[in-house]
2 protein chains.
Amino acid sequence: MVKYRIVQIGAGNVATHISKAFQEVGHSVVQVVGRAEANARALAKEVGAAYTITMSNIDKTADLYIISVPDSAIPNVLSALPQLSGIVVHTSGSTPASALQKVSESYGVFYPFQTFSKARSISLKGVPFCIEASGADVVSALSQIAASIGGKPVEMDSEQRRWLHLTGVFACNFVNHMFSISQVIAQEKGLTFDMLKPLIRETVSKALEGGPENSQTGPAIRGDSETIEKHVAMLKDFDAEWRDIYRLLSSSIWNTAQNND
Amino acid sequence: MVKYRIVQIGAGNVATHISKAFQEVGHSVVQVVGRAEANARALAKEVGAAYTITMSNIDKTADLYIISVPDSAIPNVLSALPQLSGIVVHTSGSTPASALQKVSESYGVFYPFQTFSKARSISLKGVPFCIEASGADVVSALSQIAASIGGKPVEMDSEQRRWLHLTGVFACNFVNHMFSISQVIAQEKGLTFDMLKPLIRETVSKALEGGPENSQTGPAIRGDSETIEKHVAMLKDFDAEWRDIYRLLSSSIWNTAQNND
């Protein structure tokens with residue numbers, strides 16, 4: 001395996017997980033660059049790197065620079081970066097690769113399609129890494145780097161990556177929010193989230209194994225408007241948006257099923 | 001184990017799964033009663049029972065009658081049933097136990113909190129069975145029956161069961177619909193649902209192990225309105241309801257996070 005000397009820009013959820021993975025398999029994270037000093041210092045300590053909060057102090061000798069910051073912060077990072085000779089990538093689902101072309105001749109995207117929370121350790125095994133780059137040599141290098149930490153490199157242009165990112169909002173962020181709502185209702189009414197776990201496990205196994213289009217159950221797909229109205233009325237005890245969510249999703253389940261027939 | 005002679009009324013998803021589970025552990029399903037003859041015949045054949053489509057032909061000698069029909073069909077079933085001496089239960093999350101008191105002195109609720117699809121075999125191990133009954137002896141009998149097929153009996157009144165059912169709509173039906181939308185978008189854009197599976201698995205493991213309230217990621221919780229607006233614009237290619245879903249759920253994720261702070 002080719003060992004890379006890596007500078008990590010940003011010290012949030014994605015940065016933390018991939019830097020730790022790099023370090024574990026023998027790459028060197030030589031520097032963490034982050035605006036929030038406490039985060040930069042903590043990550044640097046964890047991976048045995050130096051750190052700085054000043055972009056102009058960036059180590060110019062690294063092989064790979066990974067920008068893992070919110071999309072809205074990418075322009076500021078880029079305008080503060082000097083010209084670099086190493087490969088420069090970002091880990092964003094939504095920002096085009098071309099945004100990076102002014103800071104290096106070798107640039108690309110290294111987008112892990114996964115949900116990362118700092119406190120939770122996670123395996124990157126089998127996680128798709130969406131790769132796009134300035135040239136075939138950089139695609140090849142980034143693919144090897146992704147594979148070295150257990151990821152599954154998938155070459156994909158910026159347009160497809162945007163769509164993949166959008167699917168992730170539904171399949172991850174919105175799904176988690178449904179769990180959150182169910183948990184709040186359960187706890188308010190003297191039930192526990194534990195009682196929901198067998199249902200959640202089976203819901204997901206069924207969708208993964210048989211496809212979600214063959215798995216829907218419940219009042220909405222049965223067109224059971226009596227139960228739907230009862231549920232909407234019960235939700236008056238909670239945030240008004242939840243009633244709207246219940247109505248809208250029930251309508252959408254019904255309409256989707258009609259379109260599939 | 002006490003062996004029960006059981007009449008199954010209804011031959012849909014729930015009826016199919018619990019009848020098969022009864023038969024497997026040594027209870028006898030003696031008769032299937034269903035309006036749709038093909039369904040009644042198929043289930044009867046699978047569990048080695050007789051079947052009828054005529055409610056007045058019901059076997060009056062059974063120990064246990066299980067009504068597993070849509071909530072809206074329960075009143076019709078009850079008005080067609082003769083007075084019975086066995087225990088009569090329904091498997092509904094939303095209908096009160098008291099609805100059954102006119103057909104038997106021994107009645108109750110036997111509500112498995114799980115998602116059932118006919119084509120998918122499923123273990124009932126650990127599945128909560130919400131039990132409510134006319135008396136302590138019936139609670140005890142229904143609890144033993146639930147345990148005999150691997151379920152976890154939980155005594156619960158009709159009010160709590162209604163709330164549990166509501167949480168299931170969010171945690172199961174709405175979650176599955178999020179998967180459906182993500183799958184349609186992926187497939188329309190040349191991606192595959194398989195690429196989403198590592199993300200889905202981790203989303204669910206994280207929520208189950210650490211709690212959904214500690215697991216949220218993505219543009220909505222970051223307040224990344226630029227990405228949110230881009231995503232809403234991308235959804236113009238799809239069902240108009242999906243744009244509304246995206247906006248409403250993003251707003252709700254943000255508001256829920258503010259309330260938790």
# chains A, B, ... in the order shown; residues from 1 in each chain; ligands from 1
>>> interface_residues(of="chain A", to="chain B", cutoff="6 Å", atoms="only C-alpha atoms", output="PyMOL selection string")
chain A and resi 114+127+167+170-172+175-176+178-180+182+198-199+203+212-213
>>> closest_residue(among="A:Val30, A:Ala42, A:Val25, A:Leu142", to="His90 (chain A)", atoms="only C-alpha atoms")
A:Leu142
>>> select_by_dssp(residues="region 92-151 of chain A", states="helix (DSSP H, G or I)", output="number ranges by chain")
A: 97-100, 136-148
>>> select_by_dssp(residues="region 3-250 of chain A", states="strand (DSSP E)", output="compact mmCIF listing (two decimals) with N, CA and C atoms, in the first residue's frame")
# COMPACT_ATOMS: atom_id res chain seq x y z
N ARG A 5 1.01 11.10 3.07
CA ARG A 5 1.09 12.15 4.11
C ARG A 5 -0.07 13.10 3.88
N ILE A 6 -0.92 13.20 4.87
CA ILE A 6 -2.22 13.83 4.68
C ILE A 6 -2.39 15.05 5.58
N VAL A 7 -2.94 16.13 5.01
CA VAL A 7 -3.40 17.27 5.82
C VAL A 7 -4.93 17.25 5.82
N GLN A 8 -5.49 17.27 7.02
CA GLN A 8 -6.94 17.27 7.17
C GLN A 8 -7.41 18.69 7.45
N ILE A 9 -8.23 19.22 6.57
CA ILE A 9 -8.80 20.57 6.78
C ILE A 9 -10.24 20.40 7.25
N SER A 28 -0.17 8.74 7.22
CA SER A 28 0.15 9.71 8.27
C SER A 28 -0.69 10.97 8.10
N VAL A 29 -1.50 11.24 9.09
CA VAL A 29 -2.15 12.55 9.11
C VAL A 29 -1.14 13.48 9.78
N VAL A 30 -0.54 14.39 8.99
CA VAL A 30 0.57 15.19 9.52
C VAL A 30 0.06 16.47 10.16
N GLN A 31 -1.11 16.92 9.75
CA GLN A 31 -1.59 18.21 10.27
C GLN A 31 -3.12 18.27 10.19
N VAL A 32 -3.72 18.86 11.20
CA VAL A 32 -5.15 19.17 11.17
C VAL A 32 -5.29 20.69 11.15
N VAL A 33 -6.05 21.18 10.19
CA VAL A 33 -6.28 22.62 10.08
C VAL A 33 -7.75 22.88 10.37
N ALA A 50 0.12 17.40 14.05
CA ALA A 50 0.17 18.80 14.47
C ALA A 50 -1.17 19.44 14.13
N TYR A 51 -1.38 20.65 14.64
CA TYR A 51 -2.60 21.35 14.22
C TYR A 51 -2.35 22.84 14.14
N THR A 52 -3.20 23.51 13.37
CA THR A 52 -3.15 24.96 13.30
C THR A 52 -4.56 25.49 13.05
N LEU A 64 -1.66 14.77 0.17
CA LEU A 64 -3.11 14.79 0.02
C LEU A 64 -3.70 15.76 1.04
N TYR A 65 -4.58 16.63 0.55
CA TYR A 65 -5.29 17.60 1.41
C TYR A 65 -6.78 17.28 1.33
N ILE A 66 -7.39 17.05 2.48
CA ILE A 66 -8.80 16.68 2.51
C ILE A 66 -9.60 17.78 3.18
N ILE A 67 -10.47 18.41 2.40
CA ILE A 67 -11.29 19.50 2.93
C ILE A 67 -12.64 18.92 3.36
N ILE A 87 -2.46 16.41 -3.99
CA ILE A 87 -3.85 16.25 -4.40
C ILE A 87 -4.75 16.97 -3.38
N VAL A 88 -5.69 17.75 -3.88
CA VAL A 88 -6.64 18.42 -2.99
C VAL A 88 -8.04 17.88 -3.28
N VAL A 89 -8.71 17.39 -2.25
CA VAL A 89 -10.08 16.87 -2.42
C VAL A 89 -11.00 17.49 -1.38
N HIS A 90 -12.30 17.45 -1.68
CA HIS A 90 -13.28 17.71 -0.64
C HIS A 90 -14.15 16.47 -0.46
N TYR A 107 -6.81 17.53 -8.36
CA TYR A 107 -7.89 17.77 -7.41
C TYR A 107 -8.99 16.75 -7.64
N GLY A 108 -9.90 16.68 -6.69
CA GLY A 108 -10.97 15.72 -6.86
C GLY A 108 -11.95 15.73 -5.71
N VAL A 109 -12.82 14.72 -5.77
CA VAL A 109 -13.84 14.55 -4.74
C VAL A 109 -13.64 13.17 -4.10
N PHE A 110 -13.83 13.13 -2.81
CA PHE A 110 -13.64 11.91 -2.02
C PHE A 110 -14.78 11.91 -1.02
N TYR A 111 -15.97 11.48 -1.51
CA TYR A 111 -17.21 11.64 -0.74
C TYR A 111 -17.68 10.30 -0.17
N PRO A 112 -17.51 10.09 1.12
CA PRO A 112 -17.98 8.83 1.72
C PRO A 112 -19.49 8.93 1.95
N PRO A 128 -19.58 3.15 0.16
CA PRO A 128 -19.23 3.74 -1.14
C PRO A 128 -18.47 5.05 -0.95
N PHE A 129 -17.33 5.17 -1.60
CA PHE A 129 -16.62 6.46 -1.68
C PHE A 129 -16.77 6.96 -3.11
N CYS A 130 -17.47 8.07 -3.27
CA CYS A 130 -17.68 8.61 -4.61
C CYS A 130 -16.45 9.41 -5.00
N ILE A 131 -15.87 8.97 -6.10
CA ILE A 131 -14.59 9.53 -6.55
C ILE A 131 -14.80 10.26 -7.87
N GLU A 132 -14.24 11.47 -7.93
CA GLU A 132 -14.20 12.22 -9.19
C GLU A 132 -12.91 13.00 -9.14
N ALA A 133 -12.19 13.12 -10.25
CA ALA A 133 -10.90 13.80 -10.15
C ALA A 133 -10.48 14.45 -11.46
N LYS A 152 -15.44 1.34 -0.62
CA LYS A 152 -15.69 0.81 -1.96
C LYS A 152 -15.69 1.99 -2.93
N PRO A 153 -14.60 2.20 -3.68
CA PRO A 153 -14.56 3.36 -4.55
C PRO A 153 -15.53 3.23 -5.71
N VAL A 154 -16.27 4.32 -5.98
CA VAL A 154 -17.21 4.34 -7.10
C VAL A 154 -16.97 5.63 -7.85
N GLU A 155 -16.56 5.52 -9.12
CA GLU A 155 -16.32 6.74 -9.89
C GLU A 155 -17.66 7.32 -10.30
>>> atom_distance(atom1="CA of Lys102 (chain B)", atom2="CA of Thr54 (chain B)")
19.7 Å
